$ cat target-v2.pdb   # PDB, C-alpha atoms
MODEL        1
ATOM      1  CA  MET Z 287      14.870 -30.929-178.764
ATOM      2  CA  ALA Z 288      13.956 -28.320-176.142
ATOM      3  CA  LYS Z 289      13.700 -24.776-177.527
ATOM      4  CA  SER Z 290      16.375 -23.475-175.140
ATOM      5  CA  LEU Z 291      18.764 -26.224-176.198
ATOM      6  CA  GLU Z 292      18.031 -25.538-179.849
ATOM      7  CA  PHE Z 293      18.671 -21.803-179.277
ATOM      8  CA  LEU Z 294      21.988 -22.585-177.536
ATOM      9  CA  THR Z 295      23.028 -24.871-180.408
ATOM     10  CA  GLU Z 296      22.198 -22.195-182.984
ATOM     11  CA  ALA Z 297      24.127 -19.600-180.968
ATOM     12  CA  LEU Z 298      27.208 -21.863-180.822
ATOM     13  CA  ARG Z 299      27.008 -22.382-184.595
ATOM     14  CA  ARG Z 300      27.813 -18.700-185.036
ATOM     15  CA  LEU Z 301      31.385 -19.376-183.928
ATOM     16  CA  PRO Z 302      33.862 -19.782-186.807
ATOM     17  CA  GLY Z 303      34.481 -23.392-187.797
ATOM     18  CA  VAL Z 304      31.605 -24.759-185.712
ATOM     19  CA  GLY Z 305      29.089 -26.800-187.656
ATOM     20  CA  PRO Z 306      25.737 -28.212-186.527
ATOM     21  CA  LYS Z 307      27.141 -31.427-184.988
ATOM     22  CA  SER Z 308      29.960 -29.653-183.137
ATOM     23  CA  ALA Z 309      27.557 -27.024-181.803
ATOM     24  CA  GLN Z 310      25.199 -29.733-180.594
ATOM     25  CA  ARG Z 311      28.056 -31.608-178.874
ATOM     26  CA  MET Z 312      29.203 -28.393-177.155
ATOM     27  CA  ALA Z 313      25.669 -27.604-175.982
ATOM     28  CA  PHE Z 314      25.165 -31.115-174.612
ATOM     29  CA  HIS Z 315      28.580 -31.055-172.928
ATOM     30  CA  LEU Z 316      27.951 -27.722-171.215
ATOM     31  CA  LEU Z 317      24.524 -28.739-169.950
ATOM     32  CA  GLN Z 318      25.400 -32.304-169.032
ATOM     33  CA  HIS Z 319      28.948 -32.037-167.671
ATOM     34  CA  ASP Z 320      29.852 -28.401-167.057
ATOM     35  CA  ARG Z 321      26.948 -26.215-165.995
ATOM     36  CA  GLU Z 322      29.363 -24.065-163.984
ATOM     37  CA  GLY Z 323      31.414 -23.516-167.172
ATOM     38  CA  ALA Z 324      28.220 -22.706-169.090
ATOM     39  CA  ASP Z 325      27.279 -20.115-166.493
ATOM     40  CA  MET Z 326      30.795 -18.649-166.557
ATOM     41  CA  LEU Z 327      30.693 -18.499-170.379
ATOM     42  CA  SER Z 328      27.310 -16.774-170.230
ATOM     43  CA  ARG Z 329      28.522 -14.145-167.750
ATOM     44  CA  ALA Z 330      31.780 -13.566-169.654
ATOM     45  CA  LEU Z 331      29.939 -13.053-172.951
ATOM     46  CA  HIS Z 332      27.430 -10.690-171.345
ATOM     47  CA  GLN Z 333      30.193  -8.664-169.674
ATOM     48  CA  ALA Z 334      32.322  -8.471-172.848
ATOM     49  CA  VAL Z 335      29.394  -7.459-175.043
ATOM     50  CA  SER Z 336      28.362  -4.696-172.658
ATOM     51  CA  ALA Z 337      31.855  -3.424-171.705
ATOM     52  CA  VAL Z 338      34.020  -3.773-174.825
ATOM     53  CA  HIS Z 339      33.820  -1.189-177.600
ATOM     54  CA  HIS Z 340      36.110   0.401-180.204
ATOM     55  CA  CYS Z 341      39.032   2.656-179.316
ATOM     56  CA  ALA Z 342      38.353   6.243-180.429
ATOM     57  CA  MET Z 343      41.808   6.441-182.042
ATOM     58  CA  CYS Z 344      42.755   3.048-183.457
ATOM     59  CA  ASN Z 345      39.421   1.192-183.631
ATOM     60  CA  THR Z 346      40.641  -1.880-181.700
ATOM     61  CA  PHE Z 347      38.698  -3.386-178.798
ATOM     62  CA  THR Z 348      38.959  -1.694-175.420
ATOM     63  CA  GLU Z 349      36.952  -0.976-172.293
ATOM     64  CA  GLU Z 350      38.194   2.638-172.169
ATOM     65  CA  ASP Z 351      37.626   5.489-174.634
ATOM     66  CA  VAL Z 352      41.248   5.147-175.773
ATOM     67  CA  CYS Z 353      43.113   1.814-175.566
ATOM     68  CA  ASP Z 354      46.331   1.238-173.619
ATOM     69  CA  THR Z 355      48.468   1.243-176.777
ATOM     70  CA  CYS Z 356      47.169   4.606-177.991
ATOM     71  CA  SER Z 357      47.540   6.024-174.462
ATOM     72  CA  ASP Z 358      51.166   4.896-174.164
ATOM     73  CA  GLU Z 359      53.376   8.006-174.430
ATOM     74  CA  GLN Z 360      56.379   5.803-175.263
ATOM     75  CA  ARG Z 361      54.884   4.757-178.637
ATOM     76  CA  ASP Z 362      56.232   6.374-181.822
ATOM     77  CA  ARG Z 363      53.330   8.534-183.013
ATOM     78  CA  ARG Z 364      54.930   8.990-186.434
ATOM     79  CA  LEU Z 365      54.274   5.333-187.337
ATOM     80  CA  LEU Z 366      50.804   3.922-187.983
ATOM     81  CA  CYS Z 367      50.412   0.210-188.716
ATOM     82  CA  VAL Z 368      47.173  -0.844-190.410
ATOM     83  CA  VAL Z 369      45.936  -4.368-189.602
ATOM     84  CA  GLU Z 370      42.734  -6.257-190.360
ATOM     85  CA  THR Z 371      41.872  -7.524-186.876
ATOM     86  CA  PRO Z 372      42.786  -7.132-183.196
ATOM     87  CA  ALA Z 373      44.312 -10.637-183.442
ATOM     88  CA  ASP Z 374      46.702  -9.356-186.146
ATOM     89  CA  GLN Z 375      47.622  -6.415-183.902
ATOM     90  CA  LEU Z 376      48.351  -8.815-181.048
ATOM     91  CA  MET Z 377      50.629 -10.937-183.245
ATOM     92  CA  ILE Z 378      52.657  -7.886-184.297
ATOM     93  CA  GLU Z 379      52.899  -6.761-180.673
ATOM     94  CA  GLN Z 380      54.233 -10.188-179.679
ATOM     95  CA  THR Z 381      57.217  -9.727-182.014
ATOM     96  CA  LEU Z 382      58.400  -6.797-179.829
ATOM     97  CA  THR Z 383      59.775  -5.125-182.993
ATOM     98  CA  TYR Z 384      57.167  -2.454-183.693
ATOM     99  CA  LYS Z 385      56.824   0.565-181.400
ATOM    100  CA  GLY Z 386      54.373   2.719-183.327
ATOM    101  CA  LEU Z 387      50.594   3.001-183.186
ATOM    102  CA  TYR Z 388      47.889   0.989-184.968
ATOM    103  CA  PHE Z 389      44.677   1.266-186.874
ATOM    104  CA  VAL Z 390      42.472  -1.846-186.880
ATOM    105  CA  LEU Z 391      40.158  -2.118-189.896
ATOM    106  CA  MET Z 392      37.961  -4.843-188.383
ATOM    107  CA  GLY Z 393      37.881  -6.558-191.756
ATOM    108  CA  ARG Z 394      39.050  -6.215-195.336
ATOM    109  CA  LEU Z 395      37.546  -5.170-198.645
ATOM    110  CA  SER Z 396      35.537  -7.982-200.190
ATOM    111  CA  PRO Z 397      33.082  -6.848-202.873
ATOM    112  CA  LEU Z 398      31.776 -10.397-203.322
ATOM    113  CA  ASP Z 399      30.702 -10.386-199.657
ATOM    114  CA  GLY Z 400      29.352  -6.850-199.872
ATOM    115  CA  ILE Z 401      32.151  -5.357-197.754
ATOM    116  CA  GLY Z 402      33.192  -1.938-199.016
ATOM    117  CA  PRO Z 403      35.329   0.981-197.774
ATOM    118  CA  LYS Z 404      32.712   2.237-195.276
ATOM    119  CA  ASP Z 405      32.444  -1.235-193.699
ATOM    120  CA  ILE Z 406      36.142  -1.223-192.737
ATOM    121  CA  HIS Z 407      36.259   2.344-191.366
ATOM    122  CA  LEU Z 408      38.463   3.843-194.103
ATOM    123  CA  GLU Z 409      37.193   7.387-193.443
ATOM    124  CA  LYS Z 410      38.338   7.055-189.834
ATOM    125  CA  LEU Z 411      41.702   5.664-191.015
ATOM    126  CA  VAL Z 412      42.281   8.598-193.366
ATOM    127  CA  ALA Z 413      41.469  11.085-190.605
ATOM    128  CA  ARG Z 414      43.845   9.268-188.253
ATOM    129  CA  ALA Z 415      46.669   9.022-190.813
ATOM    130  CA  ALA Z 416      46.336  12.678-191.831
ATOM    131  CA  ASP Z 417      46.492  14.017-188.250
ATOM    132  CA  GLY Z 418      49.799  15.803-188.908
ATOM    133  CA  LEU Z 419      51.800  13.499-186.627
ATOM    134  CA  VAL Z 420      51.901  10.357-188.794
ATOM    135  CA  THR Z 421      54.772  10.276-191.300
ATOM    136  CA  GLU Z 422      54.578   6.608-192.379
ATOM    137  CA  VAL Z 423      51.710   4.155-192.676
ATOM    138  CA  VAL Z 424      52.716   0.477-192.598
ATOM    139  CA  LEU Z 425      50.187  -1.763-194.337
ATOM    140  CA  ALA Z 426      50.068  -5.101-192.538
ATOM    141  CA  THR Z 427      46.970  -6.626-194.084
ATOM    142  CA  ASN Z 428      47.034 -10.351-194.778
ATOM    143  CA  PHE Z 429      48.536 -11.682-197.993
ATOM    144  CA  THR Z 430      45.217 -12.995-199.300
ATOM    145  CA  ASN Z 431      43.541 -11.634-202.434
ATOM    146  CA  GLU Z 432      41.244  -9.496-200.295
ATOM    147  CA  GLY Z 433      44.113  -8.357-198.057
ATOM    148  CA  GLU Z 434      46.211  -7.386-201.066
ATOM    149  CA  ALA Z 435      43.293  -5.493-202.637
ATOM    150  CA  THR Z 436      42.678  -3.703-199.338
ATOM    151  CA  ALA Z 437      46.361  -2.751-199.031
ATOM    152  CA  HIS Z 438      46.429  -1.461-202.620
ATOM    153  CA  TYR Z 439      43.253   0.589-202.138
ATOM    154  CA  ILE Z 440      44.520   2.132-198.885
ATOM    155  CA  SER Z 441      47.966   2.758-200.365
ATOM    156  CA  GLU Z 442      46.575   4.689-203.326
ATOM    157  CA  MET Z 443      44.230   6.651-201.081
ATOM    158  CA  LEU Z 444      46.970   7.669-198.621
ATOM    159  CA  LYS Z 445      49.653   8.369-201.245
ATOM    160  CA  ALA Z 446      47.206  10.789-202.905
ATOM    161  CA  ARG Z 447      47.266  12.706-199.601
ATOM    162  CA  GLY Z 448      51.067  12.845-199.604
ATOM    163  CA  LEU Z 449      51.645  10.195-196.939
ATOM    164  CA  ARG Z 450      54.515   7.711-197.052
ATOM    165  CA  VAL Z 451      53.146   4.159-197.280
ATOM    166  CA  SER Z 452      55.046   0.884-196.826
ATOM    167  CA  ARG Z 453      53.989  -2.768-196.910
ATOM    168  CA  LEU Z 454      55.129  -5.709-194.799
ATOM    169  CA  ALA Z 455      57.761  -7.763-196.597
ATOM    170  CA  ARG Z 456      56.956 -11.299-197.668
ATOM    171  CA  GLY Z 457      59.189 -14.267-198.069
ATOM    172  CA  VAL Z 458      60.598 -17.491-196.756
ATOM    173  CA  PRO Z 459      59.696 -18.091-193.091
ATOM    174  CA  VAL Z 460      62.433 -18.137-190.479
ATOM    175  CA  GLY Z 461      63.726 -21.694-190.222
ATOM    176  CA  GLY Z 462      62.031 -22.614-193.501
ATOM    177  CA  GLU Z 463      63.775 -24.820-196.034
ATOM    178  CA  LEU Z 464      63.358 -23.810-199.667
ATOM    179  CA  GLU Z 465      62.547 -27.386-200.643
ATOM    180  CA  TYR Z 466      59.312 -27.180-198.620
ATOM    181  CA  VAL Z 467      58.274 -23.589-199.423
ATOM    182  CA  ASP Z 468      55.711 -22.980-202.165
ATOM    183  CA  ALA Z 469      56.876 -21.399-205.426
ATOM    184  CA  GLY Z 470      54.784 -18.234-204.947
ATOM    185  CA  THR Z 471      56.465 -17.484-201.611
ATOM    186  CA  ILE Z 472      59.936 -18.044-203.073
ATOM    187  CA  ALA Z 473      59.089 -15.817-206.041
ATOM    188  CA  ARG Z 474      57.874 -13.042-203.735
ATOM    189  CA  ALA Z 475      60.982 -13.389-201.547
ATOM    190  CA  MET Z 476      63.159 -13.059-204.635
ATOM    191  CA  LEU Z 477      61.296  -9.933-205.785
ATOM    192  CA  ASP Z 478      61.411  -8.379-202.297
ATOM    193  CA  ARG Z 479      65.089  -9.180-201.702
ATOM    194  CA  ARG Z 480      67.303  -6.514-200.126
ATOM    195  CA  ALA Z 481      71.000  -5.767-199.912
ATOM    196  CA  THR Z 482      72.990  -7.299-197.059
TER     197      THR Z 482
ENDMDL
END

$ encode --input "target-v2.pdb" --output "structure tokens"
Amino acid sequence: MAKSLEFLTEALRRLPGVGPKSAQRMAFHLLQHDREGADMLSRALHQAVSAVHHCAMCNTFTEEDVCDTCSDEQRDRRLLCVVETPADQLMIEQTLTYKGLYFVLMGRLSPLDGIGPKDIHLEKLVARAADGLVTEVVLATNFTNEGEATAHYISEMLKARGLRVSRLARGVPVGGELEYVDAGTIARAMLDRRAT
């Protein structure tokens, strides 16, 4: 295989869920059937890599020093929602129920993978949460083992500084039938129940 084609295949393998065969198929497709798409992809990647960086306040991706969300004067500056990724932030925004600000960790604690507190910007989070404006930090990390450990670590750290910390509720999904929901989810929903 040509070195350039091999390099392209290896680059495509870096995408999540893309193995050697899939990467090779993508490379062949782009070069054989969609050179215009390959060129567009190349330009888009180059532009994004050179223009996108982290927001000075919330750590999400932006092309400005401060992202649009942090710049929005209509947002409730007393609320700070902590999420693992910009994709998680986007999902919460799509619910149209949260009007506060965010802090994006860009990961989660995972000692087995060598990811510690410095790798997920916890010093920056503490500085942001202790700015004197924030009164509640909402932990919206994923409900995986690593996400739970991250939420617990952050919670203890922020409570020690006198901040109010809450966690997203868990439970049965909207439209879900109990018969098809796993026992762990039902158990958590029962423990997190609230008065009506």

$ atom_distance --input "target-v2.pdb" --atom1 "CA of Cys353 in chain Z" --atom2 "CA of Cys341 in chain Z"
5.6 Å

$ residues_around --input "target-v2.pdb" --residues "Arg394 in chain Z" --least-positions-apart "5" --cutoff "8 Å" --atoms "all atoms listed in the file" --output "PyMOL selection string"
chain Z and resi 370+401+406+432-433+436

$ atom_distance --input "target-v2.pdb" --atom1 "CA of Val451 in chain Z" --atom2 "CA of Leu391 in chain Z"
16.2 Å

$ closest_atom_pairs --input "target-v2.pdb" --of "range 331-410 of chain Z" --to "range 313-327 of chain Z" --cutoff "12 Å" --atoms "only C-alpha atoms" --output "CSV"
residue,atom,partner,partner_atom,distance
Z:Leu331,CA,Z:Leu327,CA,6.1
Z:His332,CA,Z:Leu327,CA,8.5
Z:Gln333,CA,Z:Leu327,CA,9.9
Z:Ala334,CA,Z:Leu327,CA,10.5

$ residues_around --input "target-v2.pdb" --residues "Glu350 in chain Z" --least-positions-apart "2" --cutoff "10 Å" --atoms "all atoms listed in the file" --output "VMD selection string"
chain Z and resid 337 to 342 347 to 348 352 to 354

$ residues_near_point --input "target-v2.pdb" --point "(62.5, 2.4, -181.0)" --cutoff "8 Å" --atoms "all atoms listed in the file" --output "list in words"
Asp362, Tyr384 and Lys385 of chain Z

$ resolve_selection --input "target-v2.pdb" --expression "the PyMOL selection byres ((chain Z and resi 414) around 12)" --output "ChimeraX atom specification"
/Z:342-345,356,363-368,387-390,407-413,415-423,444,449

$ write_last_selection --input "target-v2.pdb" --atoms "C-alpha atoms" --output "PDB file, in the coordinates of the input"
ATOM      1  CA  ALA Z 342      38.353   6.243-180.429  1.00  0.00           C
ATOM      2  CA  MET Z 343      41.808   6.441-182.042  1.00  0.00           C
ATOM      3  CA  CYS Z 344      42.755   3.048-183.457  1.00  0.00           C
ATOM      4  CA  ASN Z 345      39.421   1.192-183.631  1.00  0.00           C
ATOM      5  CA  CYS Z 356      47.169   4.606-177.991  1.00  0.00           C
ATOM      6  CA  ARG Z 363      53.330   8.534-183.013  1.00  0.00           C
ATOM      7  CA  ARG Z 364      54.930   8.990-186.434  1.00  0.00           C
ATOM      8  CA  LEU Z 365      54.274   5.333-187.337  1.00  0.00           C
ATOM      9  CA  LEU Z 366      50.804   3.922-187.983  1.00  0.00           C
ATOM     10  CA  CYS Z 367      50.412   0.210-188.716  1.00  0.00           C
ATOM     11  CA  VAL Z 368      47.173  -0.844-190.410  1.00  0.00           C
ATOM     12  CA  LEU Z 387      50.594   3.001-183.186  1.00  0.00           C
ATOM     13  CA  TYR Z 388      47.889   0.989-184.968  1.00  0.00           C
ATOM     14  CA  PHE Z 389      44.677   1.266-186.874  1.00  0.00           C
ATOM     15  CA  VAL Z 390      42.472  -1.846-186.880  1.00  0.00           C
ATOM     16  CA  HIS Z 407      36.259   2.344-191.366  1.00  0.00           C
ATOM     17  CA  LEU Z 408      38.463   3.843-194.103  1.00  0.00           C
ATOM     18  CA  GLU Z 409      37.193   7.387-193.443  1.00  0.00           C
ATOM     19  CA  LYS Z 410      38.338   7.055-189.834  1.00  0.00           C
ATOM     20  CA  LEU Z 411      41.702   5.664-191.015  1.00  0.00           C
ATOM     21  CA  VAL Z 412      42.281   8.598-193.366  1.00  0.00           C
ATOM     22  CA  ALA Z 413      41.469  11.085-190.605  1.00  0.00           C
ATOM     23  CA  ALA Z 415      46.669   9.022-190.813  1.00  0.00           C
ATOM     24  CA  ALA Z 416      46.336  12.678-191.831  1.00  0.00           C
ATOM     25  CA  ASP Z 417      46.492  14.017-188.250  1.00  0.00           C
ATOM     26  CA  GLY Z 418      49.799  15.803-188.908  1.00  0.00           C
ATOM     27  CA  LEU Z 419      51.800  13.499-186.627  1.00  0.00           C
ATOM     28  CA  VAL Z 420      51.901  10.357-188.794  1.00  0.00           C
ATOM     29  CA  THR Z 421      54.772  10.276-191.300  1.00  0.00           C
ATOM     30  CA  GLU Z 422      54.578   6.608-192.379  1.00  0.00           C
ATOM     31  CA  VAL Z 423      51.710   4.155-192.676  1.00  0.00           C
ATOM     32  CA  LEU Z 444      46.970   7.669-198.621  1.00  0.00           C
ATOM     33  CA  LEU Z 449      51.645  10.195-196.939  1.00  0.00           C
TER      34      LEU Z 449
END

$ closest_residue --input "target-v2.pdb" --among "Z:Met476, Z:Val424, Z:Ala309, Z:Leu382" --to "Val369 in chain Z" --atoms "only C-alpha atoms"
Z:Val424

$ closest_residue --input "target-v2.pdb" --among "Z:Gly470, Z:Gly393, Z:Gly461, Z:Gly448" --to "Asp374 in chain Z" --atoms "all atoms listed in the file"
Z:Gly393

$ atom_distance --input "target-v2.pdb" --atom1 "CA of Ser290 in chain Z" --atom2 "CA of Pro306 in chain Z"
15.5 Å

$ residues_around --input "target-v2.pdb" --residues "Met287 in chain Z" --least-positions-apart "5" --cutoff "12 Å" --atoms "only C-alpha atoms" --output "list in words"
Glu292, Phe293, Leu294, Thr295, Gln310, Ala313 and Phe314 of chain Z

$ resolve_selection --input "target-v2.pdb" --expression "the PyMOL selection byres ((chain Z and resi 474) around 12)" --output "short mmCIF file (atom, residue, chain, number, x, y, z; two decimals) with C-alpha atoms, in the frame of the given file"
data_model
loop_
_atom_site.label_atom_id
_atom_site.label_comp_id
_atom_site.auth_asym_id
_atom_site.auth_seq_id
_atom_site.Cartn_x
_atom_site.Cartn_y
_atom_site.Cartn_z
CA PHE Z 429 48.54 -11.68 -197.99
CA LEU Z 454 55.13 -5.71 -194.80
CA ALA Z 455 57.76 -7.76 -196.60
CA ARG Z 456 56.96 -11.30 -197.67
CA GLY Z 457 59.19 -14.27 -198.07
CA VAL Z 458 60.60 -17.49 -196.76
CA PRO Z 459 59.70 -18.09 -193.09
CA VAL Z 467 58.27 -23.59 -199.42
CA ASP Z 468 55.71 -22.98 -202.16
CA ALA Z 469 56.88 -21.40 -205.43
CA GLY Z 470 54.78 -18.23 -204.95
CA THR Z 471 56.46 -17.48 -201.61
CA ILE Z 472 59.94 -18.04 -203.07
CA ALA Z 473 59.09 -15.82 -206.04
CA ALA Z 475 60.98 -13.39 -201.55
CA MET Z 476 63.16 -13.06 -204.64
CA LEU Z 477 61.30 -9.93 -205.78
CA ASP Z 478 61.41 -8.38 -202.30
CA ARG Z 479 65.09 -9.18 -201.70
#

$ axis_aligned_box --input "target-v2.pdb" --around "range 352-369 of chain Z" --padding-each-side "6 Å" --output "AutoDock Vina command-line options"
--center_x 48.8 --center_y 2.3 --center_z -182.0 --size_x 27.1 --size_y 25.4 --size_z 28.8

$ residues_around --input "target-v2.pdb" --residues "range 437-440 of chain Z" --least-positions-apart "2" --cutoff "8 Å" --atoms "only C-alpha atoms" --output "PyMOL selection string"
chain Z and resi 408+425-427+433-435+442-444+453

$ closest_residue --input "target-v2.pdb" --among "Z:Glu465, Z:Pro397, Z:Arg311, Z:Asp351" --to "Asn431 in chain Z" --atoms "all atoms listed in the file"
Z:Pro397
